[in-house]
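This report refers to the structure that appears directly beneath it.
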Amino acid sequence: MNIRKHWKNLLLTTTAFFWAGCNGDSVTESGCPCYNGSGISSEASSSSESVESSSSSEAVASSSSESASSSSANGSSSSEVTCAPGDSLVSYYPPSYSADIAKMNAEEKAKHASVSKIDSISNTLQTVPQCLADLRQELNMFVALYGAPMKFNKNEVCSDGTTRPTQEYLDYLKMKEEWERNKPALDAECQKIYEDKLKEIEQTIKECIATSNPNTDLTVCDFDAMCPEYGVDSKCTYKYTCNDGVTCRRTEGETNMVCTDKQGEKTTYTKKDFDKKYYTKENY
């Protein structure tokens, strides 16, 4: 009986020591279910704190990355170079650098030279073939070229203190360099165009004179202009003295002219009808 009581007391004491060892804040080597007083095991609490610490570190790292990215963007923006047009301008006329225009000018030059040749021939004739007069009128038509000069800035001044050529100016230099490189060959081609056109017109003049009909030839008339020296409203009077003895007068601004023949008889012509019968040296 005493022995049973003794073992019972020993068992109760051992149990008390066991539970006393489980009141710590961490898991014991014995593996007993320890608590931290909040109803949450120390193992769970430690795991939660670890997760929160990891999330906090990631947030700080992300914030630092965004801050660095923002600083880099601001630095890039502040270092961007801007440029504004300078004061120097370049101006040039595009047709002056056109091969097609150069070839056309070669033909026009030949036509102008042919007009002078027709005038020289007409001065030796009493009558001028109609075909020759028509040819002169055709060759003497003026070809006008229209277009404004191109203007652009030669350079631009930049915020980094440098001055650089504009893209328009660089393109112009490239075009001009190519033009100068090709110009000798173009000049030779234009000279040939001029000579060929001149020969073609000279042949037409010869054929016209050889096949002219005296009945349709135009009578040559000398032309004089008599203009008053004073007076705002004063008009010039044009006088035509023709090889057939007819004398005509026309007032500036009018299309009709009054002609008087050798017998003193007067005839009124319109300028269009007059040109069908007479060849006037006013044309050159």
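Chain lettering (A, B, ...) mirrors the order of the structure tokens, residue numbering begins at 1 for each chain separately, and ligand numbering begins at 1 in order of display.
For region 93-99 of chain A, the residues within 9 Å (counting only C-alpha atoms, excluding itself and residues fewer than 6 positions away along the chain) are Leu145, Gly147, Ala148, Pro149, Met150, Met175, Lys176, Trp179, Lys183 and Leu186 of chain A.
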query = Within 6 Å of Tyr238 (chain A), counting only C-alpha atoms, which residues qualify if same-chain residues fewer than 3 places away don't, as number ranges by chain?
reply = A: 224-225, 249-250
inquiry  = So that I can check the secondary structure, give me every residue of region 127-262 of chain A assigned strand (DSSP E or B) by backbone DSSP, as a PyMOL selection string.
reply    = chain A and resi 127-128+150-153+155-158+163-165+218-226+237-242+247-251+256-260
Would you give me, as JSON lines, each residue of region 80-190 of chain A having an atom within 9 Å of an atom of region 196-214 of chain A, along with its shortest atom pair and that distance in Å to one decimal, using only C-alpha atoms and sorting by chain and residue number?
```
{"residue": "A:Ala106", "atom": "CA", "partner": "A:Lys197", "partner_atom": "CA", "distance": 8.6}
{"residue": "A:Glu107", "atom": "CA", "partner": "A:Lys197", "partner_atom": "CA", "distance": 6.3}
{"residue": "A:Lys109", "atom": "CA", "partner": "A:Leu198", "partner_atom": "CA", "distance": 8.9}
{"residue": "A:Ala110", "atom": "CA", "partner": "A:Leu198", "partner_atom": "CA", "distance": 5.2}
{"residue": "A:Lys111", "atom": "CA", "partner": "A:Leu198", "partner_atom": "CA", "distance": 7.1}
{"residue": "A:Ala113", "atom": "CA", "partner": "A:Leu198", "partner_atom": "CA", "distance": 7.8}
{"residue": "A:Ser114", "atom": "CA", "partner": "A:Ile201", "partner_atom": "CA", "distance": 6.8}
{"residue": "A:Lys117", "atom": "CA", "partner": "A:Glu202", "partner_atom": "CA", "distance": 8.7}
{"residue": "A:Ile118", "atom": "CA", "partner": "A:Ile205", "partner_atom": "CA", "distance": 7.8}
{"residue": "A:Thr127", "atom": "CA", "partner": "A:Pro214", "partner_atom": "CA", "distance": 7.9}
{"residue": "A:Val128", "atom": "CA", "partner": "A:Ile209", "partner_atom": "CA", "distance": 8.6}
{"residue": "A:Pro129", "atom": "CA", "partner": "A:Ser212", "partner_atom": "CA", "distance": 5.6}
{"residue": "A:Gln130", "atom": "CA", "partner": "A:Ser212", "partner_atom": "CA", "distance": 7.6}
{"residue": "A:Cys131", "atom": "CA", "partner": "A:Cys208", "partner_atom": "CA", "distance": 5.9}
{"residue": "A:Leu132", "atom": "CA", "partner": "A:Cys208", "partner_atom": "CA", "distance": 6.3}
{"residue": "A:Leu135", "atom": "CA", "partner": "A:Ile205", "partner_atom": "CA", "distance": 8.1}
```
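Distances to Asn243 (chain A) were evaluated for A:Thr280, A:Ser79, A:Asn215, A:Thr268 using only C-alpha atoms, and the minimum falls at A:Thr280.
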